[in-house]
file structure-v9.csv (CSV, C-alpha atoms and all ligand atoms)
chain,number,residue,atom,x,y,z
A,12,MET,CA,0.0,0.0,0.0
A,13,ILE,CA,1.4,3.4,-0.9
A,14,VAL,CA,0.8,5.9,1.8
A,15,ASN,CA,1.2,9.6,1.2
A,16,VAL,CA,3.2,10.0,4.4
A,17,SER,CA,3.7,13.7,4.1
A,18,ALA,CA,0.0,14.1,4.9
A,19,LEU,CA,0.7,12.6,8.3
A,20,TYR,CA,2.3,14.3,11.3
A,21,ASP,CA,3.0,13.4,14.9
A,22,LYS,CA,1.0,15.2,17.5
A,23,SER,CA,2.1,15.3,21.1
A,24,CYS,CA,-0.6,14.5,23.6
A,25,THR,CA,-0.9,14.4,27.3
A,26,CYS,CA,-3.0,11.7,28.8
A,27,ARG,CA,-6.0,13.1,30.6
A,28,HIS,CA,-5.9,10.3,33.1
A,29,CYS,CA,-2.2,9.6,33.9
A,30,GLN,CA,-0.5,12.7,32.4
A,31,THR,CA,1.9,10.6,30.3
A,32,THR,CA,3.0,12.4,27.2
A,33,PHE,CA,2.9,10.4,24.0
A,34,SER,CA,2.8,10.9,20.3
A,35,THR,CA,-0.1,10.1,18.0
A,36,LYS,CA,-0.6,10.5,14.2
A,37,ARG,CA,-2.9,13.1,12.7
A,38,ILE,CA,-3.6,14.1,9.1
A,39,ARG,CA,-2.9,17.6,7.9
A,40,SER,CA,-6.1,19.2,6.9
A,41,GLY,CA,-6.3,20.0,3.3
A,42,THR,CA,-3.8,17.4,2.2
A,43,LEU,CA,-6.4,14.9,1.0
A,44,THR,CA,-8.6,14.9,-2.1
A,45,MET,CA,-12.3,14.6,-1.2
A,46,VAL,CA,-14.2,12.3,-3.5
A,47,GLN,CA,-17.6,12.4,-2.0
A,48,ARG,CA,-19.6,13.5,1.1
A,49,ASP,CA,-22.7,11.4,1.7
A,50,SER,CA,-26.1,12.1,3.3
A,51,VAL,CA,-24.7,11.6,6.8
A,52,PHE,CA,-21.6,13.7,6.1
A,53,TYR,CA,-19.4,10.7,5.7
A,54,THR,CA,-16.5,11.9,3.5
A,55,THR,CA,-14.5,9.6,1.3
A,56,PHE,CA,-11.1,10.6,0.0
A,57,LYS,CA,-9.0,9.5,-2.9
A,58,GLU,CA,-6.3,8.4,-0.5
A,59,GLN,CA,-8.4,5.7,1.2
A,60,SER,CA,-5.6,4.5,3.4
A,61,LEU,CA,-5.4,7.9,4.9
A,62,ASN,CA,-8.8,8.4,6.3
A,63,PRO,CA,-8.6,11.1,8.9
A,64,ILE,CA,-11.1,9.4,11.2
A,65,TYR,CA,-8.6,6.6,11.7
A,66,TYR,CA,-6.7,9.1,13.8
A,67,THR,CA,-9.4,10.9,15.8
A,68,VAL,CA,-8.8,8.9,18.9
A,69,SER,CA,-5.7,9.2,21.0
A,70,VAL,CA,-4.8,6.1,23.1
A,71,CYS,CA,-2.5,6.5,26.0
A,72,PRO,CA,0.1,3.7,25.6
A,73,GLN,CA,0.7,3.7,29.4
A,74,CYS,CA,-2.8,3.4,30.9
A,75,GLY,CA,-5.1,2.7,28.0
A,76,PHE,CA,-7.3,5.7,28.4
A,77,ALA,CA,-8.6,6.6,25.0
A,78,PHE,CA,-10.0,10.0,24.2
A,79,THR,CA,-10.7,12.6,21.5
A,80,ASP,CA,-10.1,16.4,21.4
A,81,GLN,CA,-13.8,16.7,22.3
A,82,PHE,CA,-13.6,14.9,25.7
A,83,ARG,CA,-13.8,17.2,28.7
A,84,ASP,CA,-10.3,18.5,29.6
A,85,ARG,CA,-10.2,17.2,33.1
A,86,LEU,CA,-11.3,14.1,34.8
A,87,ALA,CA,-13.1,14.5,38.2
A,88,PRO,CA,-11.8,12.3,41.1
A,89,TRP,CA,-14.7,9.8,40.6
A,90,GLN,CA,-13.8,9.5,36.9
A,91,LYS,CA,-10.2,8.9,37.6
A,92,GLN,CA,-11.2,6.2,40.0
A,93,VAL,CA,-13.3,4.3,37.4
A,94,VAL,CA,-10.6,4.7,34.8
A,95,ASP,CA,-8.1,3.3,37.2
A,96,GLU,CA,-10.3,0.3,38.1
A,97,HIS,CA,-11.8,-0.5,34.7
A,98,ILE,CA,-9.1,0.6,32.2
A,99,ALA,CA,-5.7,1.1,33.6
A,100,ALA,CA,-5.7,-1.9,35.9
A,101,LYS,CA,-6.5,-4.2,33.0
A,102,TRP,CA,-4.3,-2.5,30.4
A,103,THR,CA,-1.3,-4.1,28.7
A,104,PRO,CA,1.0,-1.4,27.3
A,105,LYS,CA,0.3,-1.0,23.6
A,106,ASN,CA,1.1,1.8,21.2
A,107,PHE,CA,-1.4,3.2,18.8
A,108,GLY,CA,1.0,6.0,17.7
A,109,SER,CA,2.0,4.6,14.3
A,110,ILE,CA,0.1,4.5,11.0
A,111,ARG,CA,-3.2,2.7,11.7
A,112,GLN,CA,-4.9,0.0,9.7
A,113,ILE,CA,-8.6,-0.1,9.9
A,114,THR,CA,-8.6,-2.9,12.5
A,115,GLU,CA,-6.5,-0.7,14.9
A,116,ALA,CA,-8.8,2.3,14.1
A,117,ILE,CA,-11.8,0.2,15.1
A,118,VAL,CA,-10.1,-0.9,18.4
A,119,SER,CA,-9.2,2.8,19.1
A,120,TYR,CA,-12.9,3.7,18.8
A,121,LYS,CA,-14.1,0.9,21.0
A,122,LEU,CA,-11.6,2.0,23.6
A,123,ALA,CA,-12.8,5.6,23.4
A,124,ILE,CA,-16.4,4.6,23.6
A,125,TYR,CA,-15.7,2.5,26.7
A,126,ALA,CA,-13.8,5.4,28.2
A,127,ALA,CA,-16.6,7.9,27.2
A,128,GLU,CA,-19.3,5.8,28.7
A,129,LEU,CA,-17.4,5.2,32.0
A,130,THR,CA,-16.6,8.8,32.5
A,131,ASP,CA,-19.9,10.1,31.3
A,132,GLN,CA,-18.8,12.4,28.4
A,133,PRO,CA,-21.3,14.6,26.7
A,134,HIS,CA,-23.9,12.8,24.5
A,135,ALA,CA,-22.7,14.6,21.4
A,136,VAL,CA,-19.2,13.2,22.0
A,137,LYS,CA,-20.5,9.6,22.4
A,138,ALA,CA,-22.7,10.0,19.4
A,139,GLY,CA,-19.8,11.1,17.2
A,140,LEU,CA,-17.8,8.1,18.3
A,141,TYR,CA,-20.6,5.7,17.5
A,142,LEU,CA,-21.3,7.2,14.2
A,143,ARG,CA,-17.6,7.1,13.1
A,144,LEU,CA,-17.4,3.5,14.2
A,145,ALA,CA,-20.4,2.7,12.1
A,146,TRP,CA,-18.6,4.4,9.1
A,147,LEU,CA,-15.6,2.2,9.7
A,148,TYR,CA,-17.7,-0.9,9.6
A,149,ARG,CA,-19.5,0.4,6.5
A,150,SER,CA,-16.1,0.7,4.7
A,151,GLN,CA,-15.6,-3.0,5.6
A,152,GLU,CA,-19.1,-3.8,4.3
A,153,ASN,CA,-20.1,-5.1,7.7
A,154,VAL,CA,-23.7,-4.1,7.6
A,155,ALA,CA,-24.7,-5.8,10.9
A,156,GLU,CA,-22.1,-3.8,12.9
A,157,GLU,CA,-22.8,-0.6,10.9
A,158,ILE,CA,-26.5,-0.8,11.8
A,159,ARG,CA,-25.8,-1.7,15.4
A,160,PHE,CA,-23.6,1.4,15.9
A,161,ILE,CA,-25.9,3.7,13.9
A,162,ASP,CA,-28.6,2.7,16.3
A,163,MET,CA,-26.4,3.7,19.3
A,164,ALA,CA,-25.4,6.9,17.5
A,165,VAL,CA,-28.9,8.0,16.9
A,166,ASN,CA,-29.9,7.4,20.5
A,167,GLU,CA,-27.0,9.6,21.7
A,168,TYR,CA,-27.8,12.3,19.1
A,169,GLU,CA,-31.4,12.3,20.4
A,170,GLN,CA,-30.2,12.8,23.9
A,171,SER,CA,-27.8,15.5,22.7
A,172,TYR,CA,-30.8,17.2,21.1
A,173,ILE,CA,-32.8,17.0,24.3
A,174,HIS,CA,-29.9,18.2,26.5
A,175,THR,CA,-28.7,20.7,23.8
A,176,ASP,CA,-25.0,19.6,24.2
A,177,TYR,CA,-24.4,19.2,20.4
A,178,LYS,CA,-21.9,22.0,20.2
A,179,LEU,CA,-19.6,20.0,22.6
A,180,GLY,CA,-19.2,17.2,20.0
A,181,ASP,CA,-18.7,19.3,16.9
A,182,LYS,CA,-18.6,23.1,16.9
A,183,GLU,CA,-20.0,23.1,13.3
A,184,MET,CA,-23.1,21.4,14.5
A,185,SER,CA,-26.3,23.4,14.6
A,186,GLU,CA,-29.8,22.5,15.7
A,187,VAL,CA,-31.1,22.2,12.2
A,188,ARG,CA,-28.1,20.1,11.1
A,189,LEU,CA,-28.6,17.8,14.1
A,190,LEU,CA,-32.3,17.3,13.4
A,191,TYR,CA,-31.6,16.5,9.8
A,192,LEU,CA,-28.8,14.0,10.9
A,193,ILE,CA,-31.1,12.3,13.4
A,194,GLY,CA,-33.8,12.0,10.6
A,195,GLU,CA,-31.3,10.5,8.2
A,196,LEU,CA,-29.9,8.0,10.7
A,197,TYR,CA,-33.5,6.9,11.5
A,198,ARG,CA,-34.1,6.5,7.7
A,199,ARG,CA,-31.1,4.3,7.4
A,200,LEU,CA,-32.4,2.2,10.3
A,201,GLU,CA,-35.7,2.0,8.3
A,202,LYS,CA,-37.5,3.7,11.2
A,203,PHE,CA,-39.4,5.9,8.7
A,204,ASP,CA,-42.0,7.4,11.0
A,205,LEU,CA,-39.2,8.8,13.2
A,206,ALA,CA,-37.2,9.8,10.2
A,207,ILE,CA,-40.1,11.8,8.9
A,208,LYS,CA,-40.7,13.4,12.3
A,209,TYR,CA,-37.1,14.7,12.5
A,210,PHE,CA,-37.0,15.8,8.9
A,211,GLY,CA,-40.2,17.7,9.7
A,212,LYS,CA,-38.5,19.4,12.7
A,213,ALA,CA,-35.5,20.3,10.5
A,214,LEU,CA,-37.8,21.7,7.8
A,215,ALA,CA,-39.5,24.0,10.3
A,216,PHE,CA,-36.3,26.0,10.3
A,217,ARG,CA,-36.8,26.7,6.6
A,218,ASN,CA,-37.2,30.5,7.1
A,219,HIS,CA,-34.9,30.8,10.1
A,220,THR,CA,-31.6,29.4,9.0
A,221,ILE,CA,-28.9,30.3,6.5
A,222,GLU,CA,-28.1,26.6,6.1
A,223,SER,CA,-30.1,26.2,2.9
A,224,GLY,CA,-28.1,23.2,1.9
A,225,ILE,CA,-29.3,21.3,5.0
A,226,ILE,CA,-32.9,22.4,4.3
A,227,ARG,CA,-32.6,21.0,0.7
A,228,MET,CA,-31.2,17.7,2.0
A,229,ALA,CA,-33.9,17.5,4.6
A,230,GLN,CA,-36.5,18.1,1.9
A,231,ASP,CA,-35.1,15.4,-0.4
A,232,GLN,CA,-34.6,12.8,2.3
A,233,TRP,CA,-38.1,13.6,3.8
A,234,GLN,CA,-39.5,12.8,0.4
A,235,LEU,CA,-37.5,9.7,0.1
A,236,ALA,CA,-38.4,8.5,3.6
A,237,ARG,CA,-42.1,9.0,2.8
A,238,GLU,CA,-41.8,6.9,-0.4
A,239,GLU,CA,-39.8,4.2,1.4
A,240,TYR,CA,-42.4,4.1,4.3
A,241,LYS,CA,-45.2,3.7,1.8
A,242,GLU,CA,-43.4,0.9,0.0
A,243,LYS,CA,-42.7,-0.9,3.3
A,244,LYS,CA,-46.4,-0.6,4.3
A,245,GLU,CA,-47.4,-2.0,0.9
A,246,GLN,CA,-45.0,-4.9,1.3
A,247,LYS,CA,-46.5,-5.7,4.6
A,248,ILE,CA,-50.1,-5.8,3.2
A,249,GLY,CA,-49.0,-7.7,0.1
B,301,ZN,ZN,-2.6,7.5,30.5
call {"tool": "encode", "arguments": {"input": "structure-v9.csv", "output": "structure tokens"}}
result
Amino acid sequence: MIVNVSALYDKSCTCRHCQTTFSTKRIRSGTLTMVQRDSVFYTTFKEQSLNPIYYTVSVCPQCGFAFTDQFRDRLAPWQKQVVDEHIAAKWTPKNFGSIRQITEAIVSYKLAIYAAELTDQPHAVKAGLYLRLAWLYRSQENVAEEIRFIDMAVNEYEQSYIHTDYKLGDKEMSEVRLLYLIGELYRRLEKFDLAIKYFGKALAFRNHTIESGIIRMAQDQWQLAREEYKEKKEQKIG
């Protein structure tokens, strides 16, 4: 595999649990050629082996605490204690600081999800991890795992909507974008009634948002979800 190594750089990180300093790879923004962005904002690049989401998670080689830039900066004493008991005590030193293959990327997300659940990170942060893990499984054509993690992602995005913590996961996220995303994830799960409900909520922003691209996408996917819903109902009857 030819890797455009110049796009990668080493970033120095400090573990938010044990304060160990370690290095992890990142991808320089703007170095990859975008091929496509799909309806849930999953971006594919020409340089497939250099998917930036492979490097979102930093894994401390010393204690095993895995986190992203969106995790809260500090761990409270109770969080440190659960990380000690459930992660650090069971960890065998392993380094994720080199070029990652997809299997290592998947492991890094599972570690981060475990850490995020244990330390009660914002819903938006957990949702983003679940969604990216679903994308990784999609790229492996593992539909069962993709669906399983989309289901977990949409639950967290709904909680994020209810608790309005969505800016904590992605500063580009807006309410209308979140509503659209929840709708589209429900559509992929074939929960069309819920998809239609959330697209409807997004479309209610029609005259109150500058994000006209999102409104157009919500309109298209709302239409699609209605057709799919009808088809499904007809299949049931027939
Ligand atoms: Zn650590």
call {"tool": "residues_near_ligand", "arguments": {"input": "structure-v9.csv", "ligand": "ligand ZN 301 (chain B)", "cutoff": "6 Å", "atoms": "all atoms listed in the file", "output": "MDAnalysis selection string"}}
result
chainID A and resid 26 28:31 71 73:76
call {"tool": "write_last_selection", "arguments": {"input": "structure-v9.csv", "atoms": "C-alpha atoms", "output": "CSV table (one decimal), keeping the file's coordinate frame"}}
result
chain,number,residue,atom,x,y,z
A,26,CYS,CA,-3.0,11.7,28.8
A,28,HIS,CA,-5.9,10.3,33.1
A,29,CYS,CA,-2.2,9.6,33.9
A,30,GLN,CA,-0.5,12.7,32.4
A,31,THR,CA,1.9,10.6,30.3
A,71,CYS,CA,-2.5,6.5,26.0
A,73,GLN,CA,0.7,3.7,29.4
A,74,CYS,CA,-2.8,3.4,30.9
A,75,GLY,CA,-5.1,2.7,28.0
A,76,PHE,CA,-7.3,5.7,28.4
call {"tool": "residues_around", "arguments": {"input": "structure-v9.csv", "residues": "A:Leu140", "least_positions_apart": "6", "cutoff": "10 Å", "atoms": "only C-alpha atoms", "output": "ChimeraX atom specification"}}
result
/A:64,67-68,78-79,120-121,123-124,127,134,146,160,163-164,167,180
call {"tool": "closest_residue", "arguments": {"input": "structure-v9.csv", "among": "A:Tyr141, A:Phe52, A:Tyr65, A:Phe216", "to": "A:Glu115", "atoms": "all atoms listed in the file"}}
result
A:Tyr65
call {"tool": "closest_residue", "arguments": {"input": "structure-v9.csv", "among": "A:Leu122, A:Met45, A:Ala135, A:Ile226", "to": "A:Ile173", "atoms": "all atoms listed in the file"}}
result
A:Ala135
call {"tool": "residues_around", "arguments": {"input": "structure-v9.csv", "residues": "A:Gln230", "least_positions_apart": "4", "cutoff": "9 Å", "atoms": "all atoms listed in the file", "output": "tab-separated table (two decimals) with C-alpha atoms, keeping the file's coordinate frame"}}
result
chain	number	residue	atom	x	y	z
A	210	PHE	CA	-37.00	15.80	8.90
A	211	GLY	CA	-40.20	17.70	9.70
A	213	ALA	CA	-35.50	20.30	10.50
A	214	LEU	CA	-37.80	21.70	7.80
A	225	ILE	CA	-29.30	21.30	5.00
A	226	ILE	CA	-32.90	22.40	4.30
A	234	GLN	CA	-39.50	12.80	0.40
A	235	LEU	CA	-37.50	9.70	0.10
call {"tool": "closest_residue", "arguments": {"input": "structure-v9.csv", "among": "A:Gln47, A:Gln232, A:Thr32, A:Thr103", "to": "A:Glu195", "atoms": "only C-alpha atoms"}}
result
A:Gln232
call {"tool": "atom_distance", "arguments": {"input": "structure-v9.csv", "atom1": "atom CA of A:Tyr20", "atom2": "atom CA of A:Gly108"}}
result
10.6 Å
call {"tool": "residues_around", "arguments": {"input": "structure-v9.csv", "residues": "A:Ala236", "least_positions_apart": "6", "cutoff": "9 Å", "atoms": "only C-alpha atoms", "output": "PyMOL selection string"}}
result
chain A and resi 195+198+201+203-204+206-207
call {"tool": "residues_around", "arguments": {"input": "structure-v9.csv", "residues": "stretch 89-95 of chain A", "least_positions_apart": "2", "cutoff": "10 Å", "atoms": "all atoms listed in the file", "output": "list in words"}}
result
Arg27, His28, Cys29, Cys74, Gly75, Phe76, Arg85, Leu86, Ala87, His97, Ile98, Ala99, Ala100, Lys101, Trp102, Tyr125, Ala126, Leu129, Thr130 and Asp131 of chain A
call {"tool": "write_last_selection", "arguments": {"input": "structure-v9.csv", "atoms": "C-alpha atoms", "output": "CSV table (one decimal), keeping the file's coordinate frame"}}
result
chain,number,residue,atom,x,y,z
A,27,ARG,CA,-6.0,13.1,30.6
A,28,HIS,CA,-5.9,10.3,33.1
A,29,CYS,CA,-2.2,9.6,33.9
A,74,CYS,CA,-2.8,3.4,30.9
A,75,GLY,CA,-5.1,2.7,28.0
A,76,PHE,CA,-7.3,5.7,28.4
A,85,ARG,CA,-10.2,17.2,33.1
A,86,LEU,CA,-11.3,14.1,34.8
A,87,ALA,CA,-13.1,14.5,38.2
A,97,HIS,CA,-11.8,-0.5,34.7
A,98,ILE,CA,-9.1,0.6,32.2
A,99,ALA,CA,-5.7,1.1,33.6
A,100,ALA,CA,-5.7,-1.9,35.9
A,101,LYS,CA,-6.5,-4.2,33.0
A,102,TRP,CA,-4.3,-2.5,30.4
A,125,TYR,CA,-15.7,2.5,26.7
A,126,ALA,CA,-13.8,5.4,28.2
A,129,LEU,CA,-17.4,5.2,32.0
A,130,THR,CA,-16.6,8.8,32.5
A,131,ASP,CA,-19.9,10.1,31.3
call {"tool": "residues_around", "arguments": {"input": "structure-v9.csv", "residues": "A:Phe56", "least_positions_apart": "4", "cutoff": "10 Å", "atoms": "all atoms listed in the file", "output": "ChimeraX atom specification"}}
result
/A:43-48,60-63
call {"tool": "atom_distance", "arguments": {"input": "structure-v9.csv", "atom1": "atom CA of A:Tyr209", "atom2": "atom CA of A:Tyr191"}}
result
6.4 Å
call {"tool": "closest_residue", "arguments": {"input": "structure-v9.csv", "among": "A:Tyr148, A:Tyr240, A:Tyr53, A:Phe82", "to": "A:Leu192", "atoms": "only C-alpha atoms"}}
result
A:Tyr53
call {"tool": "atom_distance", "arguments": {"input": "structure-v9.csv", "atom1": "atom CA of A:Ser34", "atom2": "atom CA of A:Asp21"}}
result
6.0 Å
call {"tool": "closest_residue", "arguments": {"input": "structure-v9.csv", "among": "A:Lys105, A:Gln112, A:Arg83, A:Val118", "to": "A:Gln132", "atoms": "only C-alpha atoms"}}
result
A:Arg83
call {"tool": "closest_residue", "arguments": {"input": "structure-v9.csv", "among": "A:Arg199, A:Lys212, A:His174, A:Arg188", "to": "A:Val154", "atoms": "all atoms listed in the file"}}
result
A:Arg199
call {"tool": "decode", "arguments": {"input": "structure-v9.csv", "residues": "stretch 132-219 of chain A", "atoms": "C-alpha atoms", "output": "JSON list (two decimals), in the first residue's frame"}}
result
[["chain", "number", "residue", "atom", "x", "y", "z"],
["A", 132, "GLN", "CA", -18.77, 12.37, 28.44],
["A", 133, "PRO", "CA", -21.34, 14.60, 26.66],
["A", 134, "HIS", "CA", -23.94, 12.79, 24.52],
["A", 135, "ALA", "CA", -22.67, 14.57, 21.42],
["A", 136, "VAL", "CA", -19.17, 13.19, 22.00],
["A", 137, "LYS", "CA", -20.45, 9.63, 22.41],
["A", 138, "ALA", "CA", -22.72, 10.01, 19.38],
["A", 139, "GLY", "CA", -19.80, 11.11, 17.20],
["A", 140, "LEU", "CA", -17.77, 8.10, 18.27],
["A", 141, "TYR", "CA", -20.60, 5.66, 17.54],
["A", 142, "LEU", "CA", -21.28, 7.22, 14.16],
["A", 143, "ARG", "CA", -17.63, 7.13, 13.09],
["A", 144, "LEU", "CA", -17.36, 3.52, 14.20],
["A", 145, "ALA", "CA", -20.41, 2.73, 12.07],
["A", 146, "TRP", "CA", -18.63, 4.37, 9.11],
["A", 147, "LEU", "CA", -15.56, 2.21, 9.66],
["A", 148, "TYR", "CA", -17.74, -0.90, 9.59],
["A", 149, "ARG", "CA", -19.46, 0.40, 6.49],
["A", 150, "SER", "CA", -16.11, 0.69, 4.73],
["A", 151, "GLN", "CA", -15.63, -3.00, 5.57],
["A", 152, "GLU", "CA", -19.12, -3.77, 4.27],
["A", 153, "ASN", "CA", -20.06, -5.15, 7.67],
["A", 154, "VAL", "CA", -23.72, -4.14, 7.57],
["A", 155, "ALA", "CA", -24.75, -5.77, 10.86],
["A", 156, "GLU", "CA", -22.14, -3.83, 12.87],
["A", 157, "GLU", "CA", -22.78, -0.65, 10.88],
["A", 158, "ILE", "CA", -26.49, -0.79, 11.78],
["A", 159, "ARG", "CA", -25.77, -1.68, 15.41],
["A", 160, "PHE", "CA", -23.61, 1.41, 15.86],
["A", 161, "ILE", "CA", -25.91, 3.72, 13.87],
["A", 162, "ASP", "CA", -28.62, 2.70, 16.31],
["A", 163, "MET", "CA", -26.41, 3.66, 19.27],
["A", 164, "ALA", "CA", -25.36, 6.89, 17.54],
["A", 165, "VAL", "CA", -28.91, 8.04, 16.91],
["A", 166, "ASN", "CA", -29.89, 7.38, 20.54],
["A", 167, "GLU", "CA", -27.04, 9.59, 21.69],
["A", 168, "TYR", "CA", -27.82, 12.30, 19.12],
["A", 169, "GLU", "CA", -31.40, 12.34, 20.37],
["A", 170, "GLN", "CA", -30.15, 12.78, 23.92],
["A", 171, "SER", "CA", -27.81, 15.47, 22.65],
["A", 172, "TYR", "CA", -30.78, 17.25, 21.10],
["A", 173, "ILE", "CA", -32.80, 16.98, 24.31],
["A", 174, "HIS", "CA", -29.90, 18.21, 26.47],
["A", 175, "THR", "CA", -28.66, 20.68, 23.81],
["A", 176, "ASP", "CA", -25.03, 19.62, 24.20],
["A", 177, "TYR", "CA", -24.42, 19.21, 20.44],
["A", 178, "LYS", "CA", -21.85, 22.01, 20.20],
["A", 179, "LEU", "CA", -19.64, 20.01, 22.56],
["A", 180, "GLY", "CA", -19.20, 17.24, 20.00],
["A", 181, "ASP", "CA", -18.70, 19.33, 16.91],
["A", 182, "LYS", "CA", -18.58, 23.11, 16.88],
["A", 183, "GLU", "CA", -19.97, 23.11, 13.34],
["A", 184, "MET", "CA", -23.12, 21.37, 14.53],
["A", 185, "SER", "CA", -26.30, 23.43, 14.60],
["A", 186, "GLU", "CA", -29.80, 22.50, 15.74],
["A", 187, "VAL", "CA", -31.11, 22.18, 12.19],
["A", 188, "ARG", "CA", -28.15, 20.08, 11.10],
["A", 189, "LEU", "CA", -28.59, 17.81, 14.13],
["A", 190, "LEU", "CA", -32.31, 17.34, 13.43],
["A", 191, "TYR", "CA", -31.56, 16.48, 9.84],
["A", 192, "LEU", "CA", -28.84, 14.02, 10.88],
["A", 193, "ILE", "CA", -31.14, 12.25, 13.38],
["A", 194, "GLY", "CA", -33.77, 11.97, 10.65],
["A", 195, "GLU", "CA", -31.31, 10.53, 8.16],
["A", 196, "LEU", "CA", -29.92, 8.01, 10.66],
["A", 197, "TYR", "CA", -33.46, 6.85, 11.45],
["A", 198, "ARG", "CA", -34.10, 6.54, 7.73],
["A", 199, "ARG", "CA", -31.07, 4.28, 7.40],
["A", 200, "LEU", "CA", -32.44, 2.18, 10.26],
["A", 201, "GLU", "CA", -35.73, 2.01, 8.31],
["A", 202, "LYS", "CA", -37.54, 3.70, 11.19],
["A", 203, "PHE", "CA", -39.36, 5.85, 8.69],
["A", 204, "ASP", "CA", -41.96, 7.36, 11.02],
["A", 205, "LEU", "CA", -39.19, 8.75, 13.23],
["A", 206, "ALA", "CA", -37.17, 9.84, 10.19],
["A", 207, "ILE", "CA", -40.14, 11.80, 8.87],
["A", 208, "LYS", "CA", -40.73, 13.36, 12.29],
["A", 209, "TYR", "CA", -37.15, 14.66, 12.53],
["A", 210, "PHE", "CA", -36.96, 15.84, 8.92],
["A", 211, "GLY", "CA", -40.17, 17.74, 9.67],
["A", 212, "LYS", "CA", -38.53, 19.40, 12.69],
["A", 213, "ALA", "CA", -35.54, 20.35, 10.49],
["A", 214, "LEU", "CA", -37.80, 21.74, 7.77],
["A", 215, "ALA", "CA", -39.52, 23.96, 10.34],
["A", 216, "PHE", "CA", -36.28, 25.98, 10.31],
["A", 217, "ARG", "CA", -36.78, 26.75, 6.62],
["A", 218, "ASN", "CA", -37.16, 30.49, 7.09],
["A", 219, "HIS", "CA", -34.93, 30.80, 10.14]]
